[in-house]
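For reference, run.cif is printed below; it contains mmCIF, C-alpha atoms and all ligand atoms.
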data_model
#
loop_
_atom_site.label_atom_id
_atom_site.label_comp_id
_atom_site.auth_asym_id
_atom_site.auth_seq_id
_atom_site.Cartn_x
_atom_site.Cartn_y
_atom_site.Cartn_z
CA MET A 1 -71.95 -297.96 89.92
CA GLN A 2 -74.79 -296.86 87.66
CA VAL A 3 -76.22 -293.33 87.88
CA GLU A 4 -79.64 -294.89 88.61
CA GLU A 5 -78.26 -296.52 91.76
CA LEU A 6 -76.60 -293.43 93.28
CA ILE A 7 -78.89 -292.60 96.15
CA ASP A 8 -77.18 -289.60 97.77
CA TYR A 9 -77.36 -287.50 94.61
CA ALA A 10 -80.50 -286.72 92.63
CA ILE A 11 -79.36 -286.88 88.99
CA PHE A 12 -81.77 -286.34 86.13
CA MET A 13 -82.17 -284.86 82.65
CA ILE A 14 -84.39 -282.05 81.44
CA ASP A 15 -85.26 -281.34 77.84
CA VAL A 16 -84.97 -277.90 76.24
CA ASP A 17 -88.59 -277.11 77.20
CA GLY A 18 -87.89 -277.73 80.90
CA THR A 19 -89.60 -281.12 81.11
CA ILE A 20 -87.95 -283.82 83.22
CA VAL A 21 -86.99 -286.81 81.08
CA SER A 22 -85.05 -289.17 83.39
CA TRP A 23 -84.81 -290.23 87.03
CA ASN A 24 -82.36 -291.96 89.38
CA ALA A 25 -82.86 -293.49 92.85
CA GLY A 26 -81.30 -290.37 94.39
CA VAL A 27 -84.35 -288.35 93.29
CA GLY A 28 -86.34 -290.55 95.68
CA THR A 29 -83.90 -289.93 98.55
CA VAL A 30 -83.32 -286.22 98.02
CA LEU A 31 -86.70 -285.05 96.66
CA GLY A 32 -89.08 -287.86 97.64
CA TYR A 33 -90.40 -288.55 94.12
CA GLN A 34 -90.98 -291.93 92.44
CA ARG A 35 -90.11 -292.40 88.78
CA GLU A 36 -93.76 -292.26 87.64
CA ASP A 37 -94.57 -288.95 89.33
CA PHE A 38 -91.30 -287.30 88.29
CA ILE A 39 -90.63 -288.01 84.63
CA GLY A 40 -92.72 -285.88 82.29
CA GLN A 41 -93.26 -283.15 84.90
CA PRO A 42 -92.00 -279.55 84.56
CA PHE A 43 -88.58 -278.96 86.14
CA ALA A 44 -90.06 -275.81 87.75
CA MET A 45 -92.11 -277.92 90.20
CA ILE A 46 -89.09 -278.55 92.47
CA PHE A 47 -88.54 -274.79 92.95
CA THR A 48 -90.12 -272.96 95.89
CA PRO A 49 -93.12 -270.75 94.98
CA GLU A 50 -91.01 -267.62 95.67
CA ASP A 51 -88.22 -268.77 93.33
CA ARG A 52 -90.73 -269.85 90.71
CA ALA A 53 -92.41 -266.44 90.87
CA ASN A 54 -88.97 -264.85 90.39
CA GLY A 55 -88.33 -267.07 87.38
CA GLU A 56 -85.27 -268.66 89.00
CA HIS A 57 -85.79 -271.94 87.06
CA ARG A 58 -85.61 -270.00 83.80
CA THR A 59 -82.54 -268.00 84.95
CA GLU A 60 -80.79 -271.24 85.88
CA SER A 61 -81.47 -272.81 82.46
CA LEU A 62 -80.42 -269.62 80.69
CA THR A 63 -77.12 -269.44 82.61
CA ALA A 64 -76.40 -273.10 81.83
CA LYS A 65 -77.29 -272.47 78.19
CA CYS A 66 -75.00 -269.43 77.90
CA GLU A 67 -72.13 -270.50 80.15
CA GLY A 68 -72.38 -274.29 79.95
CA ARG A 69 -73.09 -274.63 83.67
CA SER A 70 -75.06 -273.04 86.46
CA SER A 71 -74.39 -273.98 90.05
CA ASP A 72 -76.22 -272.73 93.09
CA MET A 73 -77.24 -273.40 96.64
CA ARG A 74 -80.89 -272.80 97.44
CA TRP A 75 -84.02 -274.23 99.04
CA HIS A 76 -86.06 -276.60 96.88
CA LEU A 77 -89.40 -278.32 97.34
CA ARG A 78 -89.74 -282.04 98.05
CA LYS A 79 -92.79 -283.94 96.82
CA ASP A 80 -94.47 -283.72 100.24
CA GLY A 81 -94.06 -279.92 100.24
CA SER A 82 -91.21 -279.86 102.77
CA ARG A 83 -88.08 -277.90 101.93
CA VAL A 84 -84.61 -279.23 101.33
CA TYR A 85 -81.47 -277.10 100.98
CA ILE A 86 -79.69 -278.18 97.81
CA ASP A 87 -76.16 -277.83 96.55
CA GLY A 88 -76.85 -278.24 92.84
CA ALA A 89 -75.50 -277.84 89.32
CA LEU A 90 -77.22 -277.69 85.94
CA ASN A 91 -75.13 -278.57 82.88
CA ALA A 92 -76.10 -277.91 79.28
CA ILE A 93 -75.99 -280.96 76.98
CA ARG A 94 -75.20 -280.29 73.33
CA GLU A 95 -74.95 -282.32 70.17
CA GLU A 96 -71.61 -282.44 68.42
CA ASP A 97 -72.79 -279.64 66.13
CA GLY A 98 -73.43 -277.45 69.20
CA ARG A 99 -77.20 -277.79 69.20
CA LEU A 100 -78.65 -277.70 72.73
CA ILE A 101 -80.61 -280.89 73.46
CA GLY A 102 -81.26 -280.49 77.18
CA PHE A 103 -79.70 -280.27 80.61
CA SER A 104 -78.41 -282.60 83.29
CA LYS A 105 -79.12 -281.69 86.88
CA VAL A 106 -77.20 -282.96 89.92
CA MET A 107 -78.53 -282.17 93.40
CA LYS A 108 -77.14 -282.97 96.82
CA ASP A 109 -78.99 -282.50 100.12
CA ALA A 110 -76.96 -279.90 102.07
CA THR A 111 -79.66 -279.11 104.64
CA ALA A 112 -77.71 -280.38 107.67
CA GLN A 113 -74.58 -278.45 106.67
CA HIS A 114 -76.64 -275.33 105.90
CA GLU A 115 -78.44 -275.50 109.24
CA ALA A 116 -75.16 -276.02 111.12
CA GLU A 117 -73.64 -273.00 109.33
CA ASP A 118 -76.77 -271.00 110.03
CA ALA A 119 -76.67 -271.91 113.74
CA LEU A 120 -72.97 -270.98 113.89
CA ARG A 121 -73.62 -267.66 112.16
CA LYS A 122 -76.49 -266.91 114.54
CA SER A 123 -74.43 -267.71 117.61
CA GLU A 124 -71.55 -265.58 116.30
CA GLU A 125 -73.97 -262.70 115.76
CA GLN A 126 -75.37 -263.23 119.24
CA LEU A 127 -71.85 -263.27 120.71
CA GLN A 128 -70.93 -260.11 118.85
CA ARG A 129 -74.11 -258.44 120.06
CA SER A 130 -73.52 -259.38 123.67
CA ASN A 131 -69.85 -258.34 123.46
CA LYS A 132 -70.95 -255.00 122.10
CA GLU A 133 -73.58 -254.62 124.82
CA LEU A 134 -71.00 -255.51 127.45
CA ALA A 135 -68.53 -252.98 126.05
CA GLU A 136 -71.26 -250.32 125.97
CA PHE A 137 -72.27 -251.18 129.53
CA ALA A 138 -68.68 -250.99 130.78
CA HIS A 139 -68.22 -247.71 128.93
CA VAL A 140 -71.31 -246.13 130.47
CA VAL A 141 -70.53 -247.44 133.95
CA SER A 142 -66.93 -246.27 133.79
CA HIS A 143 -68.01 -242.82 132.61
CA ASP A 144 -70.66 -242.58 135.31
CA LEU A 145 -68.16 -243.62 137.96
CA GLN A 146 -65.63 -241.08 136.79
CA ALA A 147 -67.87 -238.09 137.46
CA PRO A 148 -68.40 -238.55 141.27
CA LEU A 149 -64.79 -239.67 141.59
CA ARG A 150 -63.63 -236.44 140.02
CA THR A 151 -65.61 -234.54 142.68
CA ILE A 152 -64.04 -236.59 145.49
CA ARG A 153 -60.56 -236.10 144.08
CA SER A 154 -60.83 -232.39 143.61
CA TYR A 155 -62.26 -231.81 147.10
CA VAL A 156 -59.72 -234.02 148.83
CA GLN A 157 -56.96 -232.25 146.88
CA LEU A 158 -58.39 -228.97 148.06
CA LEU A 159 -58.56 -230.32 151.62
CA ALA A 160 -54.92 -231.41 151.42
CA LYS A 161 -53.82 -228.06 150.02
CA ARG A 162 -55.66 -225.98 152.60
CA TYR A 163 -55.46 -228.09 155.73
CA GLN A 164 -52.42 -230.39 155.47
CA GLY A 165 -50.17 -229.62 158.43
CA ARG A 166 -52.90 -227.54 160.11
CA LEU A 167 -54.80 -230.49 161.54
CA ASP A 168 -53.16 -233.28 163.52
CA GLN A 169 -50.93 -235.99 162.08
CA THR A 170 -53.71 -238.61 161.92
CA ALA A 171 -55.88 -236.25 159.87
CA ASP A 172 -52.97 -235.72 157.45
CA GLU A 173 -52.63 -239.48 157.11
CA PHE A 174 -56.35 -239.91 156.45
CA ILE A 175 -56.23 -237.26 153.76
CA SER A 176 -53.31 -238.92 152.02
CA PHE A 177 -55.10 -242.33 152.18
CA ILE A 178 -58.17 -240.83 150.53
CA LEU A 179 -55.96 -239.22 147.88
CA GLU A 180 -54.13 -242.47 147.15
CA GLY A 181 -57.38 -244.44 147.13
CA SER A 182 -59.08 -242.08 144.74
CA GLU A 183 -56.06 -242.03 142.45
CA LYS A 184 -56.01 -245.84 142.39
CA MET A 185 -59.73 -245.89 141.65
CA ASP A 186 -59.23 -243.45 138.80
CA GLU A 187 -56.49 -245.70 137.39
CA LEU A 188 -58.77 -248.76 137.67
CA ILE A 189 -61.71 -247.05 135.99
CA ARG A 190 -59.51 -245.83 133.15
CA GLY A 191 -58.09 -249.35 132.86
CA LEU A 192 -61.59 -250.86 132.73
CA LEU A 193 -62.64 -248.38 130.09
CA HIS A 194 -59.57 -249.29 128.05
CA TYR A 195 -60.32 -253.01 128.52
CA ALA A 196 -63.95 -252.58 127.47
CA GLU A 197 -63.10 -250.59 124.38
CA PHE A 198 -59.94 -252.39 123.37
CA GLY A 199 -59.92 -254.53 120.29
CA GLN A 200 -63.45 -253.76 119.19
CA ASP A 201 -62.72 -252.90 115.61
CA GLY A 202 -59.05 -253.52 114.96
CA GLU A 203 -58.31 -254.19 111.30
CA LEU A 204 -56.11 -257.25 110.67
CA VAL A 205 -53.03 -256.78 108.47
CA SER A 206 -49.61 -258.41 108.02
CA VAL A 207 -47.38 -257.36 110.89
CA PRO A 208 -43.67 -258.26 111.14
CA LEU A 209 -43.09 -259.22 114.78
CA ASP A 210 -39.49 -257.96 114.83
CA GLU A 211 -40.85 -254.43 114.31
CA VAL A 212 -43.33 -254.98 117.13
CA ILE A 213 -40.60 -256.12 119.55
CA GLU A 214 -38.47 -253.14 118.57
CA ALA A 215 -41.32 -250.74 119.29
CA VAL A 216 -42.01 -252.42 122.64
CA SER A 217 -38.30 -252.27 123.58
CA THR A 218 -38.33 -248.53 122.85
CA THR A 219 -41.44 -247.99 124.98
CA LEU A 220 -39.97 -250.01 127.88
CA LYS A 221 -36.43 -248.63 127.38
CA THR A 222 -36.14 -247.02 130.83
CA VAL A 223 -37.22 -250.08 132.81
CA ILE A 224 -35.12 -252.38 130.61
CA GLU A 225 -32.07 -250.23 131.36
CA GLU A 226 -32.87 -249.93 135.06
CA THR A 227 -33.28 -253.67 135.51
CA GLU A 228 -30.37 -254.46 133.13
CA ALA A 229 -32.70 -256.96 131.49
CA GLU A 230 -31.50 -259.13 128.66
CA ILE A 231 -34.12 -259.66 125.96
CA SER A 232 -33.44 -262.20 123.22
CA CYS A 233 -35.58 -263.42 120.33
CA GLY A 234 -35.71 -266.48 118.09
CA GLU A 235 -36.65 -266.00 114.46
CA LEU A 236 -39.71 -263.77 114.36
CA PRO A 237 -42.36 -264.19 111.64
CA THR A 238 -44.88 -261.85 110.09
CA VAL A 239 -48.32 -262.52 111.51
CA ARG A 240 -51.87 -261.47 110.75
CA ALA A 241 -52.92 -259.05 113.47
CA ASN A 242 -53.89 -255.53 114.34
CA PRO A 243 -50.55 -253.69 114.83
CA ILE A 244 -51.63 -251.69 117.90
CA GLN A 245 -53.25 -254.65 119.58
CA ILE A 246 -50.40 -257.08 118.98
CA GLN A 247 -47.95 -254.51 120.31
CA GLN A 248 -50.11 -254.21 123.40
CA VAL A 249 -49.96 -258.00 123.93
CA PHE A 250 -46.14 -258.09 123.76
CA GLN A 251 -45.85 -254.91 125.80
CA ASN A 252 -48.02 -256.32 128.60
CA LEU A 253 -46.17 -259.65 128.66
CA ILE A 254 -42.65 -258.19 128.47
CA GLY A 255 -43.65 -255.44 130.93
CA ASN A 256 -44.87 -258.12 133.38
CA ALA A 257 -41.68 -260.16 132.90
CA LEU A 258 -39.74 -257.05 133.98
CA LYS A 259 -42.15 -256.14 136.77
CA TYR A 260 -42.37 -259.59 138.36
CA LYS A 261 -38.62 -260.21 138.26
CA SER A 262 -36.78 -262.16 140.93
CA ALA A 263 -33.56 -261.06 142.62
CA VAL A 264 -31.46 -262.03 139.59
CA ARG A 265 -31.02 -260.05 136.38
CA PRO A 266 -34.17 -260.49 134.20
CA ARG A 267 -33.70 -262.70 131.16
CA ILE A 268 -36.59 -262.68 128.66
CA ARG A 269 -36.81 -264.97 125.66
CA ILE A 270 -39.32 -264.48 122.83
CA GLU A 271 -39.94 -267.31 120.37
CA CYS A 272 -42.41 -268.27 117.67
CA MET A 273 -43.09 -271.72 116.27
CA ARG A 274 -45.27 -272.74 113.35
CA ASP A 275 -48.17 -275.02 114.23
CA ASP A 276 -50.55 -275.90 111.36
CA GLY A 277 -52.27 -272.67 110.36
CA ASN A 278 -50.99 -270.69 113.34
CA TRP A 279 -47.92 -269.30 115.00
CA ILE A 280 -47.41 -270.21 118.63
CA CYS A 281 -45.51 -267.36 120.26
CA SER A 282 -44.00 -267.47 123.71
CA VAL A 283 -42.59 -264.95 126.15
CA ALA A 284 -40.52 -266.64 128.87
CA ASP A 285 -38.89 -265.04 131.91
CA ASN A 286 -36.77 -266.04 134.89
CA GLY A 287 -38.93 -264.08 137.33
CA ILE A 288 -40.76 -264.94 140.53
CA GLY A 289 -43.12 -267.41 138.83
CA ILE A 290 -46.80 -268.19 139.41
CA ALA A 291 -48.29 -271.12 141.37
CA ALA A 292 -50.30 -273.52 139.18
CA GLU A 293 -53.60 -272.82 140.98
CA TYR A 294 -53.51 -269.23 139.66
CA TYR A 295 -52.87 -270.07 135.97
CA ASP A 296 -56.47 -269.30 134.93
CA ARG A 297 -57.27 -266.61 137.46
CA ILE A 298 -54.55 -264.17 136.36
CA PHE A 299 -56.25 -263.75 132.95
CA LEU A 300 -59.46 -262.46 134.55
CA PRO A 301 -60.00 -258.68 134.71
CA LEU A 302 -58.82 -257.05 137.95
CA LYS A 303 -57.37 -260.29 139.36
CA ARG A 304 -53.91 -259.78 140.81
CA LEU A 305 -51.66 -261.92 142.92
CA HIS A 306 -49.98 -258.88 144.41
CA GLY A 307 -50.92 -255.98 146.61
CA ASP A 308 -49.84 -252.38 146.18
CA GLU A 309 -46.15 -253.27 146.67
CA ILE A 310 -46.06 -253.87 142.91
CA ALA A 311 -48.03 -251.34 140.84
CA GLY A 312 -50.75 -252.63 138.55
CA THR A 313 -54.46 -252.87 137.86
CA GLY A 314 -54.86 -256.56 137.06
CA LEU A 315 -56.05 -255.75 133.56
CA GLY A 316 -52.90 -256.37 131.49
CA LEU A 317 -53.36 -260.10 130.99
CA ALA A 318 -57.14 -259.73 130.56
CA VAL A 319 -56.44 -257.34 127.68
CA CYS A 320 -53.95 -259.87 126.18
CA LYS A 321 -56.54 -262.64 126.45
CA LYS A 322 -59.22 -260.51 124.84
CA ILE A 323 -56.98 -259.57 121.91
CA VAL A 324 -55.69 -263.10 121.31
CA GLU A 325 -59.16 -264.67 121.54
CA ARG A 326 -60.64 -262.06 119.20
CA SER A 327 -58.36 -263.35 116.47
CA GLY A 328 -59.39 -266.94 117.24
CA GLY A 329 -56.32 -267.80 119.33
CA ARG A 330 -55.66 -268.93 122.90
CA ILE A 331 -53.31 -267.76 125.62
CA SER A 332 -51.96 -269.75 128.56
CA VAL A 333 -49.14 -269.81 131.07
CA GLU A 334 -46.83 -272.39 132.53
CA SER A 335 -44.61 -271.53 135.41
CA LYS A 336 -42.51 -272.68 138.35
CA VAL A 337 -42.48 -270.53 141.45
CA GLY A 338 -39.01 -269.10 141.94
CA GLU A 339 -37.82 -270.12 138.46
CA GLY A 340 -39.90 -268.19 135.96
CA SER A 341 -42.97 -268.17 133.72
CA LYS A 342 -43.69 -268.88 130.06
CA PHE A 343 -46.72 -267.28 128.42
CA ARG A 344 -47.85 -268.92 125.17
CA PHE A 345 -50.37 -267.62 122.66
CA THR A 346 -51.46 -268.34 119.11
CA LEU A 347 -51.58 -265.88 116.23
CA PRO A 348 -52.90 -266.41 112.70
CA VAL A 349 -50.36 -266.78 109.89
CA ALA A 350 -50.11 -263.66 107.70
P1 LIG A 401 -51.04 -256.39 136.78
O1 LIG A 401 -49.64 -256.64 136.38
O2 LIG A 401 -51.51 -255.01 136.52
O3 LIG A 401 -51.32 -256.83 138.20
P2 LIG A 401 -51.83 -258.43 134.89
O4 LIG A 401 -53.20 -258.76 134.40
O5 LIG A 401 -50.82 -258.07 133.88
O6 LIG A 401 -52.03 -257.28 135.94
O7 LIG A 401 -51.31 -259.66 135.70
C1 LIG A 401 -52.15 -260.31 136.65
C2 LIG A 401 -51.29 -260.96 137.74
O8 LIG A 401 -50.56 -262.05 137.21
C3 LIG A 401 -50.24 -260.02 138.31
O9 LIG A 401 -50.78 -259.26 139.38
C4 LIG A 401 -49.15 -260.98 138.76
O10 LIG A 401 -49.45 -261.44 140.05
C5 LIG A 401 -49.28 -262.15 137.83
N1 LIG A 401 -48.26 -262.12 136.75
C6 LIG A 401 -48.41 -261.63 135.50
N2 LIG A 401 -47.29 -261.80 134.78
C7 LIG A 401 -46.39 -262.40 135.58
C8 LIG A 401 -45.04 -262.86 135.39
N3 LIG A 401 -44.37 -262.73 134.24
N4 LIG A 401 -44.43 -263.45 136.46
C9 LIG A 401 -45.10 -263.62 137.62
N5 LIG A 401 -46.36 -263.21 137.85
C10 LIG A 401 -47.01 -262.62 136.85
#

Hey, can you dump this file as structure tokens for me?
Ligand code: ADP
Amino acid sequence: MQVEELIDYAIFMIDVDGTIVSWNAGVGTVLGYQREDFIGQPFAMIFTPEDRANGEHRTESLTAKCEGRSSDMRWHLRKDGSRVYIDGALNAIREEDGRLIGFSKVMKDATAQHEAEDALRKSEEQLQRSNKELAEFAHVVSHDLQAPLRTIRSYVQLLAKRYQGRLDQTADEFISFILEGSEKMDELIRGLLHYAEFGQDGELVSVPLDEVIEAVSTTLKTVIEETEAEISCGELPTVRANPIQIQQVFQNLIGNALKYKSAVRPRIRIECMRDDGNWICSVADNGIGIAAEYYDRIFLPLKRLHGDEIAGTGLGLAVCKKIVERSGGRISVESKVGEGSKFRFTLPVA
């Protein structure tokens, strides 16, 4: 195909004085000019007034002259005055003896791509802003809730200390219910605060997962020994993550596998598989399992499938979800009631 016929790219020549000396059909498509109103005109006319005032057309020519080529992405002017975002390159043309005789310019309309990127950037900024606002809101609310709760707790503790055994049995029971309730509320508020603040600014580095599992096993040592749990791992890679946050994910999942165990000895299997640009990690157990209708619900903050017979705040999986999704991944569960559960999540390759 001839250069003149290429219609997606504007391709033309400029002489050393900056005058346009050739035209192809792409100039019509990209910039809206016809041959007669393009050739012979100054190259500067396709620059926006701001860029022209800054001398960008001269800088571009100078860079191409000194370095052989100048490429850039910027807004340009079409003949009708509208703007088009251009991915362009200016190449110096020289005679065999090195003498500069002009430049060739290639321009491609990248407006759609630029606008899509711009929209994506704006929505990411918006998301970050609303996440930050939400975290600030949760922080303030949790702090404000803690103050009156502290008053309730200290007075009911005082009541228990002074009057337990001196009133009747029902009164003693009421006091211990208030104590338990306020302690639970304190735990929930602290959990919410942790959830709101967690993962806000974790730096991502290379983290070997075998070290993470070792640290988690040390933290959960007592319960692992008590339950006589058997934890086994496939080959564990190094992933790109925040070390504290990734440890929290494994700790919550392994901790749950131990907590929601069935009558048999807990067996926990940790595996990682490569999938395109990610690792898919899984933590599988032989515990009580989860019915399919709760697969989504358990990842929501404060949602639990159990009452106080098993301790917890319902925030562990919400924290896991938040951490995994912050690094662009997903987390899900598959399970069979009475047989066990398998939690799967993606992590970026180191
Ligand atoms: P918590 O354990 O504090 O209740 P989580 O957010 O960690 O909160 O878990 C939410 C709910 O999901 C739990 O209350 C439990 O009912 C269920 N769950 C989590 N992990 C498991 C598991 N490995 N086996 C069975 N049920 C689980």

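Once Val205 (chain A) and its same-chain neighbours fewer than 4 positions away are set aside, Arg240, Ala241, Asn242, Pro243 and Ala350 of chain A remain within 8 Å of it when counting only C-alpha atoms.
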
| note | One residue among A:Pro208, A:Gly32, A:Gly328, A:Gly340 is nearest to ligand LIG 401 (chain A) when using only C-alpha atoms and all ligand atoms, and that residue is A:Gly340

| request: Find the residues near region 103-117 of chain A: any atom within 7 Å, counting only C-alpha atoms, skip ones fewer than 5 places away on the same chain, and give them as a VMD selection string. | output: chain A and resid 8 to 15 30 84 to 93

Please tell me which residues are no farther than 8 Å from (-55.6, -258.0, 122.6) in the file, counting all atoms listed in the file, and write them as a compact mmCIF listing (two decimals) with C-alpha atoms, keeping the file's coordinate frame.
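Final output, saved to result18.txt:
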# COMPACT_ATOMS: atom_id res chain seq x y z
CA PHE A 198 -59.94 -252.39 123.37
CA GLY A 199 -59.92 -254.53 120.29
CA GLN A 245 -53.25 -254.65 119.58
CA ILE A 246 -50.40 -257.08 118.98
CA GLN A 248 -50.11 -254.21 123.40
CA VAL A 249 -49.96 -258.00 123.93
CA VAL A 319 -56.44 -257.34 127.68
CA CYS A 320 -53.95 -259.87 126.18
CA LYS A 321 -56.54 -262.64 126.45
CA LYS A 322 -59.22 -260.51 124.84
CA ILE A 323 -56.98 -259.57 121.91
CA VAL A 324 -55.69 -263.10 121.31
CA GLU A 325 -59.16 -264.67 121.54
CA ARG A 326 -60.64 -262.06 119.20

Can you tell me, as AutoDock Vina command-line options, the centre and edge lengths (Å, one decimal) of the axis-aligned box enclosing all of ligand LIG 401 (chain A)'s listed atoms after padding each side by 6 Å?
--center_x -48.8 --center_y -259.3 --center_z 137.0 --size_x 20.8 --size_y 20.6 --size_z 18.2

Counting all atoms listed in the file, name the residues that have an atom within 7 Å of an atom of ligand LIG 401 (chain A); the answer should be given as a PDB file with C-alpha atoms, in the frame of the given file.
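As a result, selection-v1.pdb now contains:
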ATOM      1  CA  ASN A 252     -48.020-256.320 128.600  1.00  0.00           C
ATOM      2  CA  LEU A 253     -46.170-259.650 128.660  1.00  0.00           C
ATOM      3  CA  ASN A 256     -44.870-258.120 133.380  1.00  0.00           C
ATOM      4  CA  ALA A 257     -41.680-260.160 132.900  1.00  0.00           C
ATOM      5  CA  TYR A 260     -42.370-259.590 138.360  1.00  0.00           C
ATOM      6  CA  LYS A 261     -38.620-260.210 138.260  1.00  0.00           C
ATOM      7  CA  ASP A 285     -38.890-265.040 131.910  1.00  0.00           C
ATOM      8  CA  GLY A 287     -38.930-264.080 137.330  1.00  0.00           C
ATOM      9  CA  ILE A 288     -40.760-264.940 140.530  1.00  0.00           C
ATOM     10  CA  GLY A 289     -43.120-267.410 138.830  1.00  0.00           C
ATOM     11  CA  ILE A 290     -46.800-268.190 139.410  1.00  0.00           C
ATOM     12  CA  ILE A 298     -54.550-264.170 136.360  1.00  0.00           C
ATOM     13  CA  PHE A 299     -56.250-263.750 132.950  1.00  0.00           C
ATOM     14  CA  PRO A 301     -60.000-258.680 134.710  1.00  0.00           C
ATOM     15  CA  LEU A 302     -58.820-257.050 137.950  1.00  0.00           C
ATOM     16  CA  LYS A 303     -57.370-260.290 139.360  1.00  0.00           C
ATOM     17  CA  ARG A 304     -53.910-259.780 140.810  1.00  0.00           C
ATOM     18  CA  LEU A 305     -51.660-261.920 142.920  1.00  0.00           C
ATOM     19  CA  HIS A 306     -49.980-258.880 144.410  1.00  0.00           C
ATOM     20  CA  ALA A 311     -48.030-251.340 140.840  1.00  0.00           C
ATOM     21  CA  GLY A 312     -50.750-252.630 138.550  1.00  0.00           C
ATOM     22  CA  THR A 313     -54.460-252.870 137.860  1.00  0.00           C
ATOM     23  CA  GLY A 314     -54.860-256.560 137.060  1.00  0.00           C
ATOM     24  CA  LEU A 315     -56.050-255.750 133.560  1.00  0.00           C
ATOM     25  CA  GLY A 316     -52.900-256.370 131.490  1.00  0.00           C
ATOM     26  CA  LEU A 317     -53.360-260.100 130.990  1.00  0.00           C
ATOM     27  CA  ALA A 318     -57.140-259.730 130.560  1.00  0.00           C
ATOM     28  CA  GLY A 340     -39.900-268.190 135.960  1.00  0.00           C
ATOM     29  CA  SER A 341     -42.970-268.170 133.720  1.00  0.00           C
TER      30      SER A 341
END

| query | Separation of CA of Glu214 (chain A) and CA of Ala196 (chain A), in Å? | reply | 27.0 Å

| said: Need the shell around region 56-69 of chain A: protein/DNA/RNA residues with any atom at most 12 Å away, counting only C-alpha atoms. Skip same-chain ones fewer than 2 positions apart. Format as a PyMOL selection string? | reply: chain A and resi 14-19+42-54+71-76+88-94+98-106

| note | Using all atoms listed in the file, the shortest atom-to-atom distance to Asp186 (chain A) among A:Leu220, A:Leu149, A:Val156, A:Ile231 belongs to A:Leu149

| query | Using all atoms listed in the file, which residues sit within 10 Å of Ala135 (chain A) once same-chain residues fewer than 2 positions away are excluded, as a list in words? | reply | Arg129, Ser130, Asn131, Lys132, Glu133, Phe137, Ala138, His139, Val140, Val141, Leu192, Leu193, His194, Tyr195, Ala196, Glu197, Phe198 and Gln200 of chain A

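Among the candidates A:Lys161, A:Arg267, A:Arg153, A:Arg121, the residue lying nearest to Gly181 (chain A) is A:Arg153 (atoms considered: only C-alpha atoms).
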
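Considering the residues A:Ala147, A:Leu179, A:Leu31, A:Ile268 and counting all atoms listed in the file, Ser217 (chain A) has its shortest atom-to-atom contact with A:Ile268.
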
| said: Quick one: residues within 12 Å of Ala292 (chain A), only C-alpha atoms, excluding same-chain residues fewer than 5 positions away - as a ChimeraX atom specification? | reply: /A:297-298,332-337,341

| Closest to Glu309 (chain A) among A:Ile331, A:Glu36, A:Val283, A:Lys259, using all atoms listed in the file? | A:Lys259
